[in-house]
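Have a look at final13.csv; it's CSV, C-alpha atoms and all ligand atoms:
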```csv
chain,number,residue,atom,x,y,z
A,1,MET,CA,-35.3,68.8,22.7
A,2,GLY,CA,-37.5,70.3,25.3
A,3,ASP,CA,-40.9,69.0,26.5
A,4,LEU,CA,-43.8,68.0,24.5
A,5,TRP,CA,-46.7,70.5,24.1
A,6,GLU,CA,-50.1,70.0,22.6
A,7,VAL,CA,-51.2,72.6,20.1
A,8,PHE,CA,-54.8,73.9,19.7
A,9,VAL,CA,-55.8,76.2,16.9
A,10,ARG,CA,-58.9,78.4,16.6
A,11,PRO,CA,-59.5,78.3,12.8
A,12,LYS,CA,-61.6,81.5,12.8
A,13,ARG,CA,-63.6,83.7,15.1
A,14,GLY,CA,-66.7,82.0,16.4
A,15,LEU,CA,-65.2,78.5,16.4
A,16,ALA,CA,-63.6,76.6,19.3
A,17,HIS,CA,-59.9,75.8,19.5
A,18,VAL,CA,-59.2,72.3,18.0
A,19,HIS,CA,-56.3,70.0,18.7
A,20,VAL,CA,-53.9,69.8,15.7
A,21,GLY,CA,-50.9,68.0,17.0
A,22,SER,CA,-47.9,68.5,19.2
A,23,ILE,CA,-44.5,70.2,19.2
A,24,HIS,CA,-41.3,70.4,21.2
A,25,ALA,CA,-40.2,73.5,23.1
A,26,THR,CA,-38.3,74.4,26.2
A,27,ASP,CA,-40.8,77.0,27.4
A,28,ALA,CA,-44.2,78.5,26.6
A,29,ALA,CA,-43.0,81.3,24.4
A,30,MET,CA,-41.0,78.9,22.2
A,31,ALA,CA,-43.9,76.6,22.2
A,32,LEU,CA,-46.2,79.3,20.7
A,33,ARG,CA,-43.6,80.3,18.1
A,34,ASN,CA,-43.0,76.7,17.1
A,35,ALA,CA,-46.7,76.0,16.9
A,36,ARG,CA,-47.2,79.1,14.7
A,37,ASP,CA,-44.4,78.0,12.3
A,38,VAL,CA,-45.5,74.3,12.2
A,39,TYR,CA,-49.3,74.5,12.2
A,40,THR,CA,-50.3,77.9,10.8
A,41,ARG,CA,-48.2,78.5,7.8
A,42,ARG,CA,-51.3,79.3,5.7
A,43,GLN,CA,-53.4,81.3,8.1
A,44,GLU,CA,-55.1,78.2,9.5
A,45,GLY,CA,-55.8,80.0,12.7
A,46,VAL,CA,-56.5,83.3,14.5
A,47,SER,CA,-55.5,82.0,17.9
A,48,LEU,CA,-53.3,79.4,19.4
A,49,TRP,CA,-53.2,77.5,22.7
A,50,VAL,CA,-50.2,75.4,23.8
A,51,VAL,CA,-50.5,73.1,26.8
A,52,PRO,CA,-47.7,71.0,28.3
A,53,SER,CA,-48.7,67.4,27.3
A,54,ALA,CA,-48.0,66.2,30.8
A,55,GLU,CA,-50.6,68.6,32.2
A,56,ILE,CA,-53.5,66.9,30.4
A,57,THR,CA,-55.6,64.5,32.4
A,58,ALA,CA,-57.4,62.1,30.1
A,59,SER,CA,-60.2,59.5,30.7
A,60,SER,CA,-58.9,56.0,30.2
A,61,PRO,CA,-60.0,54.1,27.2
A,62,ASP,CA,-60.0,50.9,29.3
A,63,GLU,CA,-63.0,52.3,31.3
A,64,GLN,CA,-64.8,53.6,28.3
A,65,ASP,CA,-67.8,51.4,29.2
A,66,SER,CA,-68.1,52.2,32.9
A,67,PHE,CA,-67.1,55.8,32.5
A,68,PHE,CA,-69.6,56.7,29.8
A,69,ASP,CA,-72.3,54.1,30.5
A,70,PRO,CA,-74.3,56.3,32.9
A,71,ALA,CA,-75.5,58.1,29.8
A,72,ALA,CA,-76.5,55.0,27.9
A,73,ASP,CA,-79.6,54.2,29.9
A,74,LYS,CA,-80.9,57.7,30.0
A,75,ALA,CA,-82.7,57.9,26.7
A,76,TYR,CA,-85.1,60.4,28.4
A,77,ARG,CA,-82.3,63.0,28.0
A,78,HIS,CA,-83.1,63.1,24.3
A,79,PRO,CA,-86.1,64.8,22.8
A,80,THR,CA,-86.9,61.7,20.6
A,81,PHE,CA,-87.8,59.9,23.8
A,82,TYR,CA,-91.1,61.8,24.1
A,83,GLU,CA,-94.3,61.1,22.2
A,84,VAL,CA,-96.2,64.1,20.9
A,85,PRO,CA,-99.4,64.1,18.8
A,86,ASP,CA,-98.9,63.8,15.0
A,87,GLY,CA,-98.8,67.0,13.0
A,88,LEU,CA,-97.8,69.2,15.9
A,89,HIS,CA,-94.5,71.1,15.7
A,90,ILE,CA,-93.1,70.8,19.2
B,1,MET,CA,-75.1,45.2,34.0
B,2,GLY,CA,-78.5,45.7,32.6
B,3,TYR,CA,-77.6,47.7,29.6
B,4,PRO,CA,-75.5,46.9,26.5
B,5,ARG,CA,-71.8,47.4,27.2
B,6,VAL,CA,-69.8,49.0,24.4
B,7,VAL,CA,-66.2,47.9,24.9
B,8,SER,CA,-64.3,48.4,21.6
B,9,THR,CA,-61.4,46.0,21.2
B,10,PHE,CA,-58.8,46.6,18.6
B,11,ASP,CA,-60.3,44.0,16.3
B,12,ASP,CA,-63.8,45.5,16.7
B,13,LEU,CA,-62.4,48.9,15.7
B,14,ILE,CA,-60.6,47.6,12.7
B,15,ALA,CA,-63.6,45.5,11.6
B,16,ALA,CA,-65.8,48.6,11.9
B,17,ASN,CA,-63.4,50.7,10.0
B,18,GLU,CA,-63.1,53.0,13.0
B,19,ARG,CA,-59.9,54.8,14.0
B,20,VAL,CA,-57.5,53.5,16.7
B,21,GLU,CA,-56.4,56.3,19.0
B,22,PRO,CA,-53.1,56.5,21.0
B,23,ARG,CA,-54.3,55.2,24.3
B,24,ASP,CA,-56.3,52.3,22.9
B,25,GLU,CA,-54.9,48.8,23.3
B,26,MET,CA,-53.3,47.6,20.2
B,27,PRO,CA,-51.2,44.6,19.2
B,28,ASP,CA,-47.4,45.1,19.6
B,29,ALA,CA,-46.9,44.3,16.0
B,30,TYR,CA,-49.4,47.0,14.9
B,31,ARG,CA,-47.6,49.5,17.0
B,32,ALA,CA,-44.2,48.5,15.7
B,33,THR,CA,-45.3,48.6,12.1
B,34,LEU,CA,-46.7,52.1,12.6
B,35,VAL,CA,-43.6,53.3,14.3
B,36,ARG,CA,-41.4,52.0,11.5
B,37,GLN,CA,-43.6,53.4,8.8
B,38,ILE,CA,-44.3,56.8,10.3
B,39,ALA,CA,-40.6,57.3,11.3
B,40,GLN,CA,-39.5,56.3,7.8
B,41,HIS,CA,-42.1,58.8,6.4
B,42,ALA,CA,-40.9,61.6,8.7
B,43,HIS,CA,-37.3,60.9,7.9
B,44,SER,CA,-38.1,61.1,4.2
B,45,GLU,CA,-39.7,64.5,4.6
B,46,ILE,CA,-36.6,65.8,6.5
B,47,ILE,CA,-34.0,64.3,4.1
B,48,GLY,CA,-36.2,65.4,1.2
B,49,MET,CA,-35.3,69.0,2.0
B,50,GLN,CA,-31.7,68.4,0.8
B,51,PRO,CA,-32.0,67.8,-2.9
B,52,GLU,CA,-34.2,70.9,-3.3
B,53,GLY,CA,-32.5,73.0,-0.7
B,54,ASN,CA,-29.4,72.5,-2.9
B,55,TRP,CA,-31.0,75.0,-5.4
B,56,LEU,CA,-32.3,77.6,-3.0
B,57,THR,CA,-29.5,80.0,-3.6
B,58,ARG,CA,-29.4,79.4,-7.3
B,59,ALA,CA,-33.1,79.9,-8.1
B,60,PRO,CA,-33.5,81.9,-11.3
B,61,SER,CA,-35.8,84.6,-9.9
B,62,LEU,CA,-37.0,85.9,-6.6
B,63,ARG,CA,-40.5,84.4,-7.4
B,64,ARG,CA,-39.0,81.0,-7.9
B,65,LYS,CA,-36.9,81.3,-4.8
B,66,ALA,CA,-39.8,82.3,-2.6
B,67,ILE,CA,-41.8,79.4,-3.9
B,68,LEU,CA,-39.0,76.9,-3.3
B,69,LEU,CA,-38.3,78.2,0.1
B,70,ALA,CA,-42.0,77.8,1.0
B,71,LYS,CA,-42.0,74.3,-0.3
B,72,VAL,CA,-38.8,73.2,1.5
B,73,GLN,CA,-40.2,74.7,4.7
B,74,ASP,CA,-43.4,72.7,4.2
B,75,GLU,CA,-41.4,69.5,4.0
B,76,ALA,CA,-39.8,70.4,7.3
B,77,GLY,CA,-43.3,70.9,8.7
B,78,HIS,CA,-44.4,67.5,7.2
B,79,GLY,CA,-41.5,65.9,9.1
B,80,LEU,CA,-42.6,67.5,12.3
B,81,TYR,CA,-46.3,66.5,11.9
B,82,LEU,CA,-45.2,63.0,11.4
B,83,TYR,CA,-42.7,62.8,14.3
B,84,ALA,CA,-45.5,64.1,16.5
B,85,ALA,CA,-47.8,61.3,15.2
B,86,ALA,CA,-45.0,58.8,15.9
B,87,GLU,CA,-44.6,60.1,19.4
B,88,THR,CA,-48.2,59.3,20.3
B,89,LEU,CA,-47.1,55.6,20.0
B,90,GLY,CA,-44.6,55.9,22.8
B,91,VAL,CA,-41.3,56.7,21.1
B,92,SER,CA,-39.5,59.9,21.3
B,93,ARG,CA,-38.4,62.1,18.4
B,94,ASP,CA,-34.9,62.1,19.7
B,95,GLU,CA,-34.7,58.3,19.5
B,96,LEU,CA,-36.1,58.3,16.0
B,97,LEU,CA,-33.5,60.8,14.9
B,98,ASP,CA,-30.8,58.8,16.5
B,99,ALA,CA,-32.0,55.7,14.6
B,100,LEU,CA,-32.0,57.7,11.4
B,101,HIS,CA,-28.5,59.0,12.0
B,102,ALA,CA,-27.2,55.6,12.9
B,103,GLY,CA,-28.6,54.2,9.7
B,104,LYS,CA,-31.0,52.0,11.6
B,105,GLN,CA,-34.1,53.5,10.1
B,106,LYS,CA,-34.6,54.3,6.4
B,107,TYR,CA,-36.0,57.1,4.3
B,108,SER,CA,-37.4,57.1,0.8
B,109,SER,CA,-34.7,56.1,-1.7
B,110,ILE,CA,-35.9,58.8,-4.1
B,111,PHE,CA,-33.9,61.4,-2.2
B,112,ASN,CA,-30.6,59.6,-2.9
B,113,TYR,CA,-30.6,60.9,-6.4
B,114,PRO,CA,-28.8,64.2,-7.2
B,115,THR,CA,-30.4,67.4,-8.4
B,116,LEU,CA,-28.1,68.3,-11.3
B,117,THR,CA,-30.0,71.2,-12.9
B,118,TRP,CA,-32.7,73.7,-12.1
B,119,ALA,CA,-35.2,71.6,-14.1
B,120,ASP,CA,-34.8,68.8,-11.5
B,121,ILE,CA,-36.6,71.1,-9.1
B,122,GLY,CA,-39.6,71.0,-11.5
B,123,ALA,CA,-39.3,67.3,-12.1
B,124,ILE,CA,-39.2,66.6,-8.3
B,125,GLY,CA,-42.3,68.8,-7.7
B,126,TRP,CA,-44.2,67.3,-10.6
B,127,LEU,CA,-43.2,63.6,-10.3
B,128,VAL,CA,-41.9,63.0,-6.8
B,129,ASP,CA,-44.5,65.1,-5.0
B,130,GLY,CA,-47.0,63.8,-7.5
B,131,ALA,CA,-46.2,60.2,-6.6
B,132,ALA,CA,-46.1,61.1,-2.9
B,133,ILE,CA,-49.7,62.4,-3.2
B,134,VAL,CA,-50.9,59.2,-4.8
B,135,ASN,CA,-49.3,57.3,-1.9
B,136,GLN,CA,-50.5,59.6,0.8
B,137,VAL,CA,-54.1,60.3,-0.1
B,138,PRO,CA,-55.2,56.8,1.0
B,139,LEU,CA,-53.2,57.3,4.2
B,140,CYS,CA,-55.7,60.0,5.2
B,141,ARG,CA,-58.0,57.0,5.9
B,142,CYS,CA,-55.4,55.0,7.7
B,143,SER,CA,-56.7,53.2,10.8
B,144,TYR,CA,-54.4,55.0,13.2
B,145,GLY,CA,-56.0,58.4,14.0
B,146,PRO,CA,-52.9,60.6,14.6
B,147,TYR,CA,-51.2,59.3,11.4
B,148,ALA,CA,-54.4,59.8,9.3
B,149,ARG,CA,-54.8,63.4,10.7
B,150,ALA,CA,-51.2,64.3,9.9
B,151,MET,CA,-51.7,63.0,6.4
B,152,VAL,CA,-54.7,65.2,5.9
B,153,ARG,CA,-52.6,68.3,6.7
B,154,VAL,CA,-49.7,67.0,4.5
B,155,CYS,CA,-52.0,66.3,1.5
B,156,LYS,CA,-53.5,69.7,1.6
B,157,GLU,CA,-50.0,71.2,1.2
B,158,GLU,CA,-48.7,68.7,-1.4
B,159,SER,CA,-50.9,69.9,-4.2
B,160,PHE,CA,-49.1,73.3,-4.2
B,161,HIS,CA,-45.8,71.3,-4.4
B,162,GLN,CA,-46.9,69.4,-7.4
B,163,ARG,CA,-48.4,72.4,-9.2
B,164,GLN,CA,-45.3,74.6,-8.8
B,165,GLY,CA,-43.2,71.8,-10.2
B,166,PHE,CA,-45.5,71.4,-13.2
B,167,GLU,CA,-45.5,75.1,-13.8
B,168,LEU,CA,-41.8,75.3,-13.6
B,169,LEU,CA,-41.3,72.5,-16.1
B,170,HIS,CA,-44.0,74.0,-18.4
B,171,THR,CA,-42.1,77.3,-18.5
B,172,LEU,CA,-38.9,75.5,-19.3
B,173,SER,CA,-40.4,73.2,-21.8
B,174,HIS,CA,-41.9,76.2,-23.7
B,175,GLY,CA,-38.8,78.3,-23.4
B,176,THR,CA,-35.6,78.2,-25.4
B,177,GLU,CA,-34.4,75.0,-27.0
B,178,ALA,CA,-31.8,74.6,-24.3
B,179,GLN,CA,-34.4,75.0,-21.6
B,180,HIS,CA,-36.7,72.5,-23.2
B,181,ALA,CA,-33.8,70.0,-23.4
B,182,MET,CA,-33.0,70.6,-19.8
B,183,ALA,CA,-36.6,69.9,-18.8
B,184,GLN,CA,-36.6,66.7,-20.9
B,185,ASP,CA,-33.3,65.5,-19.4
B,186,ALA,CA,-34.7,66.0,-15.8
B,187,VAL,CA,-37.8,64.0,-16.7
B,188,ASP,CA,-35.7,61.3,-18.3
B,189,ARG,CA,-33.8,60.9,-15.0
B,190,TRP,CA,-36.7,61.2,-12.5
B,191,TRP,CA,-39.4,59.1,-14.2
B,192,TRP,CA,-38.2,55.6,-13.3
B,193,PRO,CA,-37.1,56.5,-9.8
B,194,SER,CA,-40.5,58.0,-9.2
B,195,LEU,CA,-42.2,54.8,-10.3
B,196,MET,CA,-40.0,53.0,-7.8
B,197,MET,CA,-41.3,55.2,-5.0
B,198,PHE,CA,-44.4,52.9,-4.8
B,199,GLY,CA,-42.1,50.1,-3.6
B,200,PRO,CA,-41.5,46.6,-4.9
B,201,PRO,CA,-44.2,44.8,-7.0
B,202,ASP,CA,-47.1,43.3,-5.2
B,203,ASP,CA,-45.7,39.7,-5.4
B,204,ALA,CA,-42.5,40.8,-3.8
B,205,SER,CA,-43.9,43.1,-1.1
B,206,THR,CA,-43.5,41.6,2.3
B,207,HIS,CA,-45.7,43.8,4.5
B,208,THR,CA,-48.6,44.6,2.2
B,209,GLY,CA,-51.0,41.8,3.3
B,210,GLN,CA,-50.8,42.5,7.0
B,211,SER,CA,-50.8,46.3,6.6
B,212,MET,CA,-54.0,46.1,4.4
B,213,ALA,CA,-55.7,43.8,7.0
B,214,TRP,CA,-54.9,46.4,9.7
B,215,GLY,CA,-56.2,49.3,7.6
B,216,ILE,CA,-52.8,51.0,7.5
B,217,LYS,CA,-52.5,50.5,3.8
B,218,ARG,CA,-55.6,50.7,1.6
B,219,PHE,CA,-54.2,49.9,-1.9
B,220,SER,CA,-51.3,47.7,-3.1
B,221,ASN,CA,-48.1,49.1,-4.5
B,222,ASP,CA,-48.9,48.1,-8.1
B,223,THR,CA,-52.4,49.6,-7.9
B,224,LEU,CA,-51.0,53.0,-6.7
B,225,ARG,CA,-48.2,52.9,-9.3
B,226,GLN,CA,-50.7,52.3,-12.1
B,227,ARG,CA,-52.9,55.2,-10.8
B,228,PHE,CA,-49.8,57.4,-10.9
B,229,VAL,CA,-48.9,56.4,-14.4
B,230,ASP,CA,-52.5,57.0,-15.6
B,231,MET,CA,-52.6,60.4,-14.1
B,232,THR,CA,-49.1,61.5,-15.3
B,233,VAL,CA,-49.2,60.5,-19.0
B,234,PRO,CA,-51.7,63.2,-20.0
B,235,GLN,CA,-49.8,65.7,-17.9
B,236,ALA,CA,-46.6,64.9,-19.7
B,237,GLU,CA,-48.3,65.5,-23.0
B,238,ALA,CA,-49.5,68.9,-21.8
B,239,LEU,CA,-46.0,69.7,-20.8
B,240,GLY,CA,-44.7,68.8,-24.3
B,241,LEU,CA,-42.3,66.4,-22.7
B,242,THR,CA,-41.8,62.7,-23.3
B,243,LEU,CA,-41.8,60.0,-20.6
B,244,PRO,CA,-38.7,57.8,-21.2
B,245,ASP,CA,-40.5,54.5,-21.8
B,246,PRO,CA,-40.9,53.2,-25.3
B,247,GLU,CA,-43.4,50.6,-24.1
B,248,LEU,CA,-45.9,53.1,-22.8
B,249,ARG,CA,-49.2,52.6,-24.6
B,250,TRP,CA,-52.9,52.9,-23.9
B,251,ASN,CA,-54.6,49.6,-23.2
B,252,GLU,CA,-58.2,49.9,-24.3
B,253,GLU,CA,-59.2,46.7,-22.4
B,254,ARG,CA,-57.9,47.9,-19.1
B,255,SER,CA,-58.6,51.6,-19.7
B,256,SER,CA,-55.1,52.1,-18.4
B,257,TRP,CA,-51.6,52.8,-19.7
B,258,ASP,CA,-49.3,49.8,-20.1
B,259,PHE,CA,-45.7,50.6,-19.1
B,260,GLY,CA,-42.3,49.0,-19.4
B,261,GLU,CA,-40.7,46.8,-16.8
B,262,ILE,CA,-39.1,48.5,-13.8
B,263,ASP,CA,-35.5,47.7,-13.0
B,264,PHE,CA,-36.0,46.9,-9.3
B,265,THR,CA,-32.4,45.8,-8.9
B,266,GLU,CA,-31.6,49.5,-9.1
B,267,LEU,CA,-34.1,50.2,-6.3
B,268,PHE,CA,-32.7,47.5,-4.1
B,269,GLU,CA,-29.1,48.8,-4.6
B,270,VAL,CA,-30.2,52.3,-3.6
B,271,VAL,CA,-32.1,50.9,-0.6
B,272,LYS,CA,-28.9,49.0,0.4
B,273,GLY,CA,-27.1,52.3,0.5
B,274,ASN,CA,-25.4,52.2,-2.9
B,275,GLY,CA,-27.3,55.1,-4.5
B,276,PRO,CA,-25.5,58.2,-5.9
B,277,CYS,CA,-26.1,60.3,-2.7
B,278,ASN,CA,-26.8,58.0,0.2
B,279,ALA,CA,-23.7,58.8,2.1
B,280,GLN,CA,-23.8,62.5,1.4
B,281,ARG,CA,-27.5,62.8,2.5
B,282,LEU,CA,-26.9,61.1,5.8
B,283,ALA,CA,-23.6,62.9,6.5
B,284,HIS,CA,-25.3,66.2,5.9
B,285,ARG,CA,-28.2,65.4,8.2
B,286,VAL,CA,-25.8,64.3,11.0
B,287,ARG,CA,-23.8,67.5,10.5
B,288,ALA,CA,-26.8,69.7,10.7
B,289,HIS,CA,-27.9,68.0,13.8
B,290,GLU,CA,-24.5,68.3,15.5
B,291,GLU,CA,-24.0,71.9,14.4
B,292,GLY,CA,-27.4,72.7,15.9
B,293,ALA,CA,-26.6,71.2,19.3
B,294,TRP,CA,-25.6,74.6,20.7
B,295,VAL,CA,-29.0,76.0,19.9
B,296,ARG,CA,-30.8,73.2,21.8
B,297,GLU,CA,-28.4,73.5,24.7
B,298,ALA,CA,-28.8,77.3,24.9
B,299,ALA,CA,-32.6,77.0,24.8
B,300,SER,CA,-32.6,74.5,27.6
B,301,ALA,CA,-30.2,76.5,29.7
B,302,TYR,CA,-32.4,79.6,29.2
B,303,ALA,CA,-35.6,77.8,30.1
B,304,GLU,CA,-33.9,76.4,33.3
B,305,LYS,CA,-32.6,79.8,34.3
B,306,ARG,CA,-36.0,81.4,33.8
B,307,ALA,CA,-37.8,78.6,35.7
B,308,ALA,CA,-35.3,79.0,38.6
B,309,ARG,CA,-35.9,82.7,38.7
B,310,GLU,CA,-39.6,82.2,38.9
B,311,VAL,CA,-39.3,79.9,41.8
B,312,ALA,CA,-37.1,82.4,43.7
C,1,FE,FE,-44.0,66.4,2.1
C,2,FE,FE,-44.0,67.8,-0.9
```

What does this structure look like when you write it as C-alpha cells?
Amino acid sequence: MGDLWEVFVRPKRGLAHVHVGSIHATDAAMALRNARDVYTRRQEGVSLWVVPSAEITASSPDEQDSFFDPAADKAYRHPTFYEVPDGLHI
Amino acid sequence: MGYPRVVSTFDDLIAANERVEPRDEMPDAYRATLVRQIAQHAHSEIIGMQPEGNWLTRAPSLRRKAILLAKVQDEAGHGLYLYAAAETLGVSRDELLDALHAGKQKYSSIFNYPTLTWADIGAIGWLVDGAAIVNQVPLCRCSYGPYARAMVRVCKEESFHQRQGFELLHTLSHGTEAQHAMAQDAVDRWWWPSLMMFGPPDDASTHTGQSMAWGIKRFSNDTLRQRFVDMTVPQAEALGLTLPDPELRWNEERSSWDFGEIDFTELFEVVKGNGPCNAQRLAHRVRAHEEGAWVREAASAYAEKRAAREVA
C-alpha cells in the first residue's frame, strides 16, 4: 500500500541523520507516523526524516571507478603526502 | 588510465568479505535465493504474531500483558524491516504477501504448533526466540547489506524476547505444583520443534553449500543446532525444568551436549502443510489482510484528495 519512503533517524543531538530502512505510506504524515512506530520503538531517535524513495538520485555503482577516480590520483589532498622534519609536531 | 582502477565485481566483493548493496550487479540466483530467504523470514515474523497474540487478552497480569504486547509488536516490526530489505532486491511487499497468501512462499514451521497454555508463551520466548537468535546472529554478517542491517536491528530486540520468556517460565516453575507442571508440559511440547527450527541435518540440506559460498549463511544447520543445545541445557537447569530427551548427556571429548535423534519426518509433514495449525494460520492471515482492505483504500483515497487539493 502506498509509496515507498526512505527513513532517516538522528540517534541523538549532535549526530547526523542515518538511513535505517524504508516504509510504505500514502502521504508524508503517515510516513512519519509509520517510521516512528517501526524504527523508534525504543527511543532510537530524537528526529526523523522521511523521503519518497523515488526522489533520491544515486550515483551508479557501474561507474564507481570513473565517478570516484578523480580522487584516487590526488594524494596531495591528504596530510600524509607531505614530508616534515622528524620530531616536529606539525 | 594511468591509475589503478577499482571496479568491484560481485565475486571480488564476496571474496573480500565485503557487503553487496542493492544496486550492485549480482547473479540472478543470488538475488533469487535472497528474495526467497528474506521473504520467508519476513513471513515468519508476521505469522509468528498469531500463536502469541492468541494469549494477549488472557495474560495473567497487566505487567505480563504489556510485555507480551510489546513483544508481538516487535515481531510485526521485524516483519516490516525484512520486507523493506526484500524490496531493495526489486520485489514489492504486495507481491510477497500475495505469494504468502497463495501458499507459494513459506514461513517457519514452528508457528504451526498451537499455544495451549499460558506457559507456552514462556516456552516460545525462551526456546523459539532463543533458537531464532542463534540463527540470526550470524546473519548480521550476511553478504547482502540491507539484510545484514535489518538483522542487527532484529537481534537487538530479540534478547528481550528470550529473557521475558525465561522469566515467565522461571516464575511458573517456582510457583505452585500445578504451575510447575504447566511449565514442564510446555517445554516438553516445544523442545523438539525448536530443534527443528535449524532445518534439516547438514547431509540433507540442499541450499547450504551455495549459501555458505555466497556468504549468506555462515554456519551449517547442525553447527547452529548444537550451539543452541549447549546454550540451553544449563538454562533449563536454572529453570528447574527437564528437557524431554533421555539421551541428553555431556560429551567430555567434544565439550558439547549429545542429544537424541530428531524426528525429521514430523518436520517435513509440517512443512508440507500437515501441522496442527497450518490451515488456521494462513486463513487468519488472509482474513486480516482482507478485513484491512478498507483502511488501505481509505488512506489512498485521502492522499489522492489531498494531492488534488494542493494542485488546485
Ligand atoms: Fe522476531
Ligand atoms: Fe522475537

Residues at most 7 Å from ligand FE 1 (chain C), using only C-alpha atoms and all ligand atoms? Could they come as a compact mmCIF listing (two decimals) with C-alpha atoms, keeping the file's coordinate frame?
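Output saved as part37.txt:
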```
# COMPACT_ATOMS: atom_id res chain seq x y z
CA GLU B 45 -39.70 64.50 4.60
CA ASP B 74 -43.40 72.70 4.20
CA GLU B 75 -41.40 69.50 4.00
CA HIS B 78 -44.40 67.50 7.20
CA VAL B 154 -49.70 67.00 4.50
CA GLU B 158 -48.70 68.70 -1.40
```

What do you get as a list in words if you pick all residues at most 9 Å from ligand FE 2 (chain C), counting all atoms listed in the file?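 Those within range of ligand FE 2 (chain C) are Glu45, Gly48, Lys71, Val72, Asp74, Glu75, His78, Ile124, Gly125, Val128, Asp129, Gly130, Ala132, Ile133, Val154, Cys155, Glu157, Glu158, Ser159, Phe160, His161 and Gln162 of chain B.
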
Using all atoms listed in the file, find each residue of chain A with at least one atom at most 6 Å away from an atom of chain B; report its shortest atom-to-atom pair and that distance in Å (one decimal), sort the rows by chain and rising residue number, and return the result as JSON lines.
```
{"residue": "A:Ser22", "atom": "CA", "partner": "B:Ala84", "partner_atom": "CA", "distance": 5.7}
{"residue": "A:Thr26", "atom": "CA", "partner": "B:Ala303", "partner_atom": "CA", "distance": 5.8}
{"residue": "A:Asp27", "atom": "CA", "partner": "B:Ala303", "partner_atom": "CA", "distance": 5.9}
{"residue": "A:Val38", "atom": "CA", "partner": "B:Gly77", "partner_atom": "CA", "distance": 5.4}
{"residue": "A:Pro61", "atom": "CA", "partner": "B:Asp24", "partner_atom": "CA", "distance": 6.0}
{"residue": "A:Asp65", "atom": "CA", "partner": "B:Val6", "partner_atom": "CA", "distance": 5.7}
```

Could the residues in this selection be written to a file with C-alpha atoms, as a tab-separated table (two decimals), keeping the file's coordinate frame?
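Output file out_33.tsv follows:
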```
chain	number	residue	atom	x	y	z
A	22	SER	CA	-47.90	68.50	19.20
A	26	THR	CA	-38.30	74.40	26.20
A	27	ASP	CA	-40.80	77.00	27.40
A	38	VAL	CA	-45.50	74.30	12.20
A	61	PRO	CA	-60.00	54.10	27.20
A	65	ASP	CA	-67.80	51.40	29.20
```

Excluding same-chain residues fewer than 3 positions from Asp98 in chain B, what lies within 12 Å of it counting only C-alpha atoms, as a list of chain:residue names? B:Ala39, B:His43, B:Val91, B:Ser92, B:Arg93, B:Asp94, B:Glu95, B:His101, B:Ala102, B:Gly103, B:Lys104, B:Gln105, B:Lys106, B:Leu282, B:Arg285, B:Val286, B:His289, B:Glu290

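Interatomic distance, CA of Arg163 in chain B against CA of Phe264 in chain B: 28.4 Å.
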
Report the distance between CA of Ala16 in chain B and CA of Lys156 in chain B in Å, rounded to one decimal place.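 Going from CA of Ala16 in chain B over to CA of Lys156 in chain B covers 26.5 Å.
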
Give me, please, the distance in Å between CA of Val271 in chain B and CA of Gln40 in chain B, quoted to one decimal.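 A separation of 12.4 Å between them.
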
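The list of residues with at least one atom within 7 Å of Val18 in chain A, based on all atoms listed in the file and without residues fewer than 6 positions apart in the same chain, reads Phe8, Val9 and Arg10 of chain A.
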
If we count all atoms listed in the file and set the cut-off at 10 Å, which residues sit around Ile56 in chain A, ignoring sequence neighbours fewer than 4 positions away in its own chain? Please answer as JSON, numbers by chain. {"A": [5, 6, 51, 52]}

Generate a file of the selected residues that holds C-alpha atoms, formatted as an mmCIF file, in the frame of the given file.
```
data_model
loop_
_atom_site.group_PDB
_atom_site.id
_atom_site.type_symbol
_atom_site.label_atom_id
_atom_site.label_comp_id
_atom_site.auth_asym_id
_atom_site.auth_seq_id
_atom_site.Cartn_x
_atom_site.Cartn_y
_atom_site.Cartn_z
ATOM 1 C CA TRP A 5 -46.700 70.500 24.100
ATOM 2 C CA GLU A 6 -50.100 70.000 22.600
ATOM 3 C CA VAL A 51 -50.500 73.100 26.800
ATOM 4 C CA PRO A 52 -47.700 71.000 28.300
#
```

Distance query Leu32 in chain A at most 8 Å, all atoms listed in the file, self and fewer than 5 positions along chain excluded, as number ranges by chain: A: 48-50

Grab the residues selected above and save them as a PDB file, in the coordinates of the input with C-alpha atoms.
```
ATOM      1  CA  LEU A  48     -53.300  79.400  19.400  1.00  0.00           C
ATOM      2  CA  TRP A  49     -53.200  77.500  22.700  1.00  0.00           C
ATOM      3  CA  VAL A  50     -50.200  75.400  23.800  1.00  0.00           C
TER       4      VAL A  50
END
```

Counting all atoms listed in the file, the residue of B:Gly209, B:Gly215, B:Gly122, B:Gly199 that sits nearest Tyr147 in chain B: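 Looking only at the distances to Tyr147 in chain B, the closest residue turns out to be B:Gly215.
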